[in-house]
Amino acid sequence: MAKRELIEIAHARSGDKGDLVNIGLIARKPEDYPILVREVTTDRVKQHFAGVCKGKVERFELPNLGALNFLLHEALDGGGTMALKADPQGKTFGTALLRMEIDVD
Amino acid sequence: MIRIANGQGFWGDSLEAPVDQIRRGPIDYLTLDYLAEVTMSILQKQRTRDPQAGYARDFVDLIARVLPDLKDRRIRVIANAGGINPMGCRDAVLERAERQNLPLKIATVTGDDITDRLDQFMKRGIELKNMDTGEPLSAIRAQVERANVYFGAFPVAEALALGAEVVITGRVADAALTLAPMIHEFGWKETDWDKLSAGIVAGHAIECGAQVTGGNCQVDWETIPDLADIGYPIVEAEPDGTFAVTKHAGTGGRVTVASVKEQLLYEIGDPTQYITPDCVADFTTVHLDQAGENRVRFTGIEGRPATNYYKVSISYTAGYKAMGSLVYTWPDAYKKARAADQILRQRLTRLGLRFDEIRTAFLGANGCHEIPAAEPSSEIEPHLSEVVLRVGVRSENRAAVDRFTREIAPLVLNGPPGVSGLGLGRPRVEEIIAFWPALIPKSEVRPEVAIWPSAS
């Protein structure tokens with residue numbers, strides 16, 4: 001198995017809902033979707049966002065789109081207008097996730 | 001088949017996009033989404049100063065500009081531009097139409113504003129609990145600014161059935177603006193859950209404007225053609241609930257399965273239950289095909305019955321905040337920015353100022369991602385050309401926040417070297433308007449539809 005950055009096989013978009021960030025993670029090629037399912041687990045995402053995501057991480061599967069949807073709870077310092085972060089609407093969490101190193105066959 | 005275009009993804013989006021949607025190709029309906037959550041509070045502040053205000057003024061200027069085109073091409077417009085004063089918005093549009101001697105039928109959808117009824121609801125045991133935290137509204141009742149219900153597509157469809165050429169709404173679910181003309185044209189019923197869900201998915205696909213046609217598109221962004229002239233999205237809807245997303249020929253951007261997937265996943269929760277006032281759509285049933293250049297076809301969409309609740313957005317004041325920035329330059333830009341941050345915090349402590357939060361971001365080093373994997377390596381770090389120190393504070397106490405704004409500029413002369421103030425001047429103190437999402441039984445509120453001029 002080789003180490004690769006997630007950005008090589010996936011793209012992503014993120015946004016906010018209150019204090020929660022959602023990240024849609026999409027396989028560039030449908031055949032790579034199972035790699036996302038295997039490698040990008042809720043535990044790994046929680047660890048990747050250490051210090052940023054203070055609550056739980058939920059994951060939903062959309063096999064029809066070759067995509068996963070992640071919900072990162074308590075990730076925006078209270079959310080939206082309360083947040084003092086440089087990215088108060090969570091717009092760049094998608095690219096942050098794409099920095100994750102994964103094992104590829 | 002009908003063509004439903006989006007020409008505005010939020011208030012502040014391109015002023016030219018709706019004009020291009022009208023003039024550069026065929027459409028039947030133009031939908032415009034002006035109301036982000038924060039917009040309602042901005043409108044509230046404007047109306048406090050001027051009772052005639054409280055709606056999206058850009059919309060009035062837009063209609064005045066394109067009215068002859070709308071008449072010529074028989075395009076109908078649906079916009080949530082009414083904000084907290086839909087009638088005021090209607091009157092302003094009518095006045096501009098009269099000045100051009102063009103008769104115009106305008107309908108309004110109101111009844112979403114429940115600000116004055118909150119105490120009555122609470123007295124009757126409707127707690128309006130925060131959907132995220134479970135707290136009852138009584139916890140912040142004194143700070144409430146406004147409360148608005150999100151209505152669905154059926155009252156908007158009713159407005160179209162009355163013959164409105166322009167429909168102005170208050171708070172309506174964004175995707176419902178797109179679903180409404182499908183209900184009107186195709187005669188869909190309130191129990192056609194699959195078709196209603198298809199319309200909601202179509203609405204979700206186009207409600208953020210160019211974010212589905214190549215804007216903010218992460219996959220292969222450098223090869224997306226002519227973003228300077230990006231085309232906004234158009235849904236070509238069929239009576240059976242299938243549809244395609246496309247854009248006008250000759251415009252920039254790109255509509256691909258990849259660009260559509262990014263938008264479908266934008267700001268959703270559990271994809272099997274995308275809850276709207278009209279239905280619960282299941283995004284795991286969406287099937288996408290590239291049906292041609294810049295054309296993606298949607299089929300197979302299923303949904304379930306709507307819930308018995310409307311969502312309510314309640315805005316309330318939550319203290320004050322301010323943000324200040326300085327830029328530190330090579331050598332050791334990051335080290336200097338971190339040192340300046342420590343100095344600033346020591347000074348704030350020495351002044352006895354208390355904040356609910358002090359938050360620092362180092363832009364250019366790891367300011368946005370903020371995760372361990374994004375931290376610059378020890379080899380790169382000393383070579384960074386510049387790092388922006390951005391510090392924000394939040395407090396109930398306006399005076400403390402105001403005092404903080406005086407502590408940024410002095411650092412240019414009395415802190416670490418090689419720093420610029422960015423020409424930004426003293427930071428501004430802002431009042432924070434926060435949001436409280438809640439649910440209310442549908443039986444408690446009723447949308448009101450009115451048309452002008454009336455039939456009588």
# chains A, B, ... in the order shown; residues from 1 in each chain; ligands from 1
>>> closest_atom_pairs(of="region 29-81 of chain A", to="region 259-274 of chain B", cutoff="12 Å", atoms="only C-alpha atoms", output="tab-separated table")
residue	atom	partner	partner_atom	distance
A:Val57	CA	B:Gly269	CA	11.8
A:Glu58	CA	B:Asp270	CA	9.2
A:Arg59	CA	B:Asp270	CA	8.6
A:Phe60	CA	B:Asp270	CA	6.5
A:Glu61	CA	B:Pro271	CA	8.2
A:Leu62	CA	B:Pro271	CA	7.5
A:Pro63	CA	B:Pro271	CA	11.2
A:Asn64	CA	B:Lys261	CA	10.3
A:Leu65	CA	B:Lys261	CA	6.9
A:Gly66	CA	B:Lys261	CA	9.2
A:Ala67	CA	B:Lys261	CA	8.4
A:Leu68	CA	B:Leu265	CA	8.8
A:Asn69	CA	B:Leu265	CA	7.0
A:Phe70	CA	B:Gly269	CA	8.1
A:Leu71	CA	B:Gly269	CA	6.9
A:Leu72	CA	B:Gly269	CA	10.3
A:His73	CA	B:Gly269	CA	11.2
>>> write_last_selection(atoms="C-alpha atoms", output="JSON list (two decimals), in the first residue's frame")
[["chain", "number", "residue", "atom", "x", "y", "z"],
["A", 57, "VAL", "CA", -18.15, 13.55, 13.66],
["A", 58, "GLU", "CA", -20.98, 11.86, 11.75],
["A", 59, "ARG", "CA", -20.65, 10.22, 8.33],
["A", 60, "PHE", "CA", -23.33, 9.48, 5.72],
["A", 61, "GLU", "CA", -22.83, 7.45, 2.56],
["A", 62, "LEU", "CA", -24.14, 8.45, -0.88],
["A", 63, "PRO", "CA", -23.07, 5.55, -3.13],
["A", 64, "ASN", "CA", -25.24, 7.01, -5.92],
["A", 65, "LEU", "CA", -22.91, 10.03, -6.08],
["A", 66, "GLY", "CA", -19.73, 8.19, -5.07],
["A", 67, "ALA", "CA", -19.64, 10.55, -2.12],
["A", 68, "LEU", "CA", -19.57, 10.79, 1.67],
["A", 69, "ASN", "CA", -21.11, 13.57, 3.73],
["A", 70, "PHE", "CA", -19.45, 14.45, 7.03],
["A", 71, "LEU", "CA", -20.98, 16.51, 9.83],
["A", 72, "LEU", "CA", -18.45, 18.07, 12.19],
["A", 73, "HIS", "CA", -20.22, 19.22, 15.35]]
>>> interface_residues(of="chain B", to="chain A", cutoff="8 Å", atoms="only C-alpha atoms", output="MDAnalysis selection string")
chainID B and resid 38 217:219 258 261:263 265:271 283:288 318 321 323 359:361 367:374 390 392:394 432:435
>>> write_last_selection(atoms="N, CA and C atoms", output="short mmCIF file (atom, residue, chain, number, x, y, z; two decimals), in the first residue's frame")
data_model
loop_
_atom_site.label_atom_id
_atom_site.label_comp_id
_atom_site.auth_asym_id
_atom_site.auth_seq_id
_atom_site.Cartn_x
_atom_site.Cartn_y
_atom_site.Cartn_z
N VAL B 38 -28.67 36.16 8.16
CA VAL B 38 -28.22 37.43 8.70
C VAL B 38 -28.90 38.61 8.01
N CYS B 217 -15.77 25.77 -7.67
CA CYS B 217 -15.72 24.35 -7.99
C CYS B 217 -14.30 23.86 -7.82
N GLN B 218 -14.15 22.87 -6.96
CA GLN B 218 -12.80 22.47 -6.57
C GLN B 218 -12.16 21.54 -7.60
N VAL B 219 -12.98 20.77 -8.30
CA VAL B 219 -12.40 19.77 -9.20
C VAL B 219 -11.95 20.45 -10.51
N ALA B 258 -19.53 16.45 -11.93
CA ALA B 258 -18.68 16.79 -10.77
C ALA B 258 -19.11 18.12 -10.14
N LYS B 261 -22.39 17.54 -8.32
CA LYS B 261 -22.23 16.78 -7.07
C LYS B 261 -21.78 17.70 -5.92
N GLU B 262 -20.81 18.58 -6.22
CA GLU B 262 -20.33 19.48 -5.16
C GLU B 262 -21.49 20.30 -4.58
N GLN B 263 -22.34 20.83 -5.47
CA GLN B 263 -23.45 21.66 -4.98
C GLN B 263 -24.51 20.83 -4.27
N LEU B 265 -24.09 18.38 -2.38
CA LEU B 265 -23.62 18.06 -1.04
C LEU B 265 -23.44 19.30 -0.17
N TYR B 266 -23.68 20.47 -0.75
CA TYR B 266 -23.44 21.72 -0.02
C TYR B 266 -24.51 21.97 1.04
N GLU B 267 -24.07 22.13 2.27
CA GLU B 267 -24.96 22.46 3.39
C GLU B 267 -26.14 21.50 3.53
N ILE B 268 -25.84 20.21 3.49
CA ILE B 268 -26.88 19.23 3.80
C ILE B 268 -26.47 18.44 5.05
N GLY B 269 -27.45 17.81 5.68
CA GLY B 269 -27.18 16.96 6.84
C GLY B 269 -27.29 15.51 6.42
N ASP B 270 -28.20 14.77 7.06
CA ASP B 270 -28.45 13.39 6.66
C ASP B 270 -29.06 13.42 5.25
N PRO B 271 -28.35 12.86 4.26
CA PRO B 271 -28.83 12.98 2.88
C PRO B 271 -30.12 12.20 2.61
N PHE B 283 -31.65 12.39 -0.92
CA PHE B 283 -30.56 12.67 -1.88
C PHE B 283 -29.81 11.40 -2.31
N THR B 284 -30.05 10.30 -1.60
CA THR B 284 -29.37 9.06 -2.01
C THR B 284 -30.09 8.37 -3.17
N THR B 285 -31.20 8.98 -3.63
CA THR B 285 -31.91 8.41 -4.78
C THR B 285 -31.61 9.17 -6.08
N VAL B 286 -30.84 10.25 -5.97
CA VAL B 286 -30.58 11.08 -7.16
C VAL B 286 -29.65 10.34 -8.12
N HIS B 287 -30.06 10.26 -9.38
CA HIS B 287 -29.18 9.69 -10.39
C HIS B 287 -28.80 10.77 -11.39
N LEU B 288 -27.49 10.93 -11.64
CA LEU B 288 -27.01 12.01 -12.51
C LEU B 288 -26.38 11.44 -13.78
N ALA B 318 -26.37 39.12 20.71
CA ALA B 318 -25.51 38.26 21.53
C ALA B 318 -24.16 38.93 21.77
N LYS B 321 -18.42 42.22 18.98
CA LYS B 321 -17.14 41.66 18.55
C LYS B 321 -16.37 42.70 17.75
N MET B 323 -12.49 42.79 15.20
CA MET B 323 -11.36 42.05 14.65
C MET B 323 -10.30 43.01 14.14
N ARG B 359 -9.54 35.28 19.98
CA ARG B 359 -9.23 34.27 18.97
C ARG B 359 -8.19 34.82 18.00
N THR B 360 -7.11 34.07 17.79
CA THR B 360 -6.05 34.53 16.89
C THR B 360 -5.96 33.61 15.69
N ALA B 361 -5.79 34.21 14.51
CA ALA B 361 -5.50 33.43 13.31
C ALA B 361 -4.24 33.99 12.68
N GLY B 367 -3.93 29.93 8.87
CA GLY B 367 -5.01 30.78 9.37
C GLY B 367 -6.41 30.24 9.15
N CYS B 368 -6.61 29.51 8.08
CA CYS B 368 -7.97 29.03 7.78
C CYS B 368 -8.16 27.57 8.17
N HIS B 369 -7.26 26.70 7.70
CA HIS B 369 -7.45 25.28 7.98
C HIS B 369 -7.28 24.98 9.46
N GLU B 370 -6.25 25.58 10.06
CA GLU B 370 -6.01 25.49 11.51
C GLU B 370 -5.80 24.07 12.04
N ILE B 371 -5.62 23.10 11.17
CA ILE B 371 -5.42 21.72 11.63
C ILE B 371 -3.92 21.43 11.70
N PRO B 372 -3.53 20.44 12.49
CA PRO B 372 -2.10 20.12 12.61
C PRO B 372 -1.43 19.89 11.24
N ALA B 373 -2.14 19.21 10.32
CA ALA B 373 -1.54 18.88 9.02
C ALA B 373 -1.25 20.12 8.18
N ALA B 374 -1.82 21.26 8.54
CA ALA B 374 -1.64 22.48 7.74
C ALA B 374 -0.53 23.37 8.28
N ARG B 390 -4.27 38.12 12.87
CA ARG B 390 -5.66 38.58 12.92
C ARG B 390 -6.24 38.16 14.26
N GLY B 392 -9.40 38.48 17.06
CA GLY B 392 -10.80 38.86 17.29
C GLY B 392 -11.16 38.69 18.75
N VAL B 393 -12.04 39.55 19.25
CA VAL B 393 -12.54 39.39 20.61
C VAL B 393 -14.07 39.48 20.60
N ARG B 394 -14.66 38.85 21.61
CA ARG B 394 -16.12 38.86 21.73
C ARG B 394 -16.47 39.06 23.20
N ILE B 432 -23.33 41.62 17.62
CA ILE B 432 -23.52 40.27 17.08
C ILE B 432 -25.01 39.92 17.07
N ILE B 433 -25.47 39.49 15.91
CA ILE B 433 -26.83 38.95 15.82
C ILE B 433 -26.67 37.44 15.62
N ALA B 434 -27.17 36.67 16.57
CA ALA B 434 -27.05 35.22 16.49
C ALA B 434 -28.40 34.61 16.12
N PHE B 435 -28.40 33.30 15.82
CA PHE B 435 -29.62 32.64 15.35
C PHE B 435 -30.01 31.46 16.20
#
>>> residues_around(residues="Glu95 (chain B)", least_positions_apart="3", cutoff="12 Å", atoms="only C-alpha atoms", output="list in words")
Val60, Asp61, Ile63, Ala64, Gly88, Cys89, Arg90, Asp91, Ala92, Glu98, Arg99, Gln100, Asn101, Leu102, Pro103, Leu104 and Ile106 of chain B
>>> write_last_selection(atoms="N, CA and C atoms", output="PDB file, in the first residue's frame")
ATOM      1  N   VAL B  60     -35.731  46.033  -6.395  1.00  0.00           N
ATOM      2  CA  VAL B  60     -36.572  47.080  -6.994  1.00  0.00           C
ATOM      3  C   VAL B  60     -35.849  47.682  -8.204  1.00  0.00           C
ATOM      4  N   ASP B  61     -34.572  47.966  -8.024  1.00  0.00           N
ATOM      5  CA  ASP B  61     -33.774  48.508  -9.141  1.00  0.00           C
ATOM      6  C   ASP B  61     -33.695  47.508 -10.293  1.00  0.00           C
ATOM      7  N   ILE B  63     -35.908  45.123 -11.147  1.00  0.00           N
ATOM      8  CA  ILE B  63     -37.181  45.033 -11.877  1.00  0.00           C
ATOM      9  C   ILE B  63     -37.357  46.281 -12.759  1.00  0.00           C
ATOM     10  N   ALA B  64     -37.015  47.440 -12.206  1.00  0.00           N
ATOM     11  CA  ALA B  64     -37.133  48.665 -13.008  1.00  0.00           C
ATOM     12  C   ALA B  64     -36.277  48.558 -14.277  1.00  0.00           C
ATOM     13  N   GLY B  88     -44.036  46.788   1.453  1.00  0.00           N
ATOM     14  CA  GLY B  88     -43.229  47.959   1.085  1.00  0.00           C
ATOM     15  C   GLY B  88     -42.460  47.685  -0.200  1.00  0.00           C
ATOM     16  N   CYS B  89     -41.974  46.476  -0.337  1.00  0.00           N
ATOM     17  CA  CYS B  89     -41.242  46.082  -1.539  1.00  0.00           C
ATOM     18  C   CYS B  89     -42.178  46.111  -2.742  1.00  0.00           C
ATOM     19  N   ARG B  90     -43.384  45.562  -2.552  1.00  0.00           N
ATOM     20  CA  ARG B  90     -44.374  45.562  -3.630  1.00  0.00           C
ATOM     21  C   ARG B  90     -44.685  46.989  -4.081  1.00  0.00           C
ATOM     22  N   ASP B  91     -44.928  47.882  -3.114  1.00  0.00           N
ATOM     23  CA  ASP B  91     -45.277  49.263  -3.462  1.00  0.00           C
ATOM     24  C   ASP B  91     -44.141  49.948  -4.219  1.00  0.00           C
ATOM     25  N   ALA B  92     -42.921  49.681  -3.807  1.00  0.00           N
ATOM     26  CA  ALA B  92     -41.772  50.307  -4.475  1.00  0.00           C
ATOM     27  C   ALA B  92     -41.653  49.803  -5.914  1.00  0.00           C
ATOM     28  N   GLU B  98     -45.143  51.952 -12.703  1.00  0.00           N
ATOM     29  CA  GLU B  98     -46.038  53.036 -13.127  1.00  0.00           C
ATOM     30  C   GLU B  98     -45.261  54.127 -13.854  1.00  0.00           C
ATOM     31  N   ARG B  99     -44.074  54.426 -13.337  1.00  0.00           N
ATOM     32  CA  ARG B  99     -43.248  55.453 -13.977  1.00  0.00           C
ATOM     33  C   ARG B  99     -42.914  55.091 -15.424  1.00  0.00           C
ATOM     34  N   GLN B 100     -42.871  53.777 -15.699  1.00  0.00           N
ATOM     35  CA  GLN B 100     -42.588  53.325 -17.070  1.00  0.00           C
ATOM     36  C   GLN B 100     -43.881  53.054 -17.853  1.00  0.00           C
ATOM     37  N   ASN B 101     -45.016  53.366 -17.216  1.00  0.00           N
ATOM     38  CA  ASN B 101     -46.324  53.115 -17.839  1.00  0.00           C
ATOM     39  C   ASN B 101     -46.532  51.649 -18.224  1.00  0.00           C
ATOM     40  N   LEU B 102     -45.975  50.760 -17.410  1.00  0.00           N
ATOM     41  CA  LEU B 102     -46.152  49.333 -17.677  1.00  0.00           C
ATOM     42  C   LEU B 102     -46.998  48.726 -16.552  1.00  0.00           C
ATOM     43  N   PRO B 103     -48.186  48.215 -16.874  1.00  0.00           N
ATOM     44  CA  PRO B 103     -48.998  47.585 -15.828  1.00  0.00           C
ATOM     45  C   PRO B 103     -48.338  46.295 -15.353  1.00  0.00           C
ATOM     46  N   LEU B 104     -48.461  46.017 -14.060  1.00  0.00           N
ATOM     47  CA  LEU B 104     -47.764  44.847 -13.522  1.00  0.00           C
ATOM     48  C   LEU B 104     -48.625  44.196 -12.450  1.00  0.00           C
ATOM     49  N   ILE B 106     -48.543  41.993  -9.280  1.00  0.00           N
ATOM     50  CA  ILE B 106     -47.603  41.515  -8.259  1.00  0.00           C
ATOM     51  C   ILE B 106     -48.357  40.807  -7.144  1.00  0.00           C
TER      52      ILE B 106
END
>>> closest_residue(among="B:Leu439, B:Ala175, B:Ala340, B:Val445", to="Pro410 (chain B)", atoms="only C-alpha atoms")
B:Ala340
>>> residues_around(residues="Ala365 (chain B)", least_positions_apart="5", cutoff="12 Å", atoms="only C-alpha atoms", output="VMD selection string")
chain B and resid 327 to 329 332 to 335 337 to 338 370 to 378 380 to 390
>>> atom_distance(atom1="CA of Ala322 (chain B)", atom2="CA of Arg141 (chain B)")
24.7 Å
>>> residues_around(residues="Thr256 (chain B)", least_positions_apart="6", cutoff="10 Å", atoms="only C-alpha atoms", output="PyMOL selection string")
chain B and resi 212-214+245-246+288-297
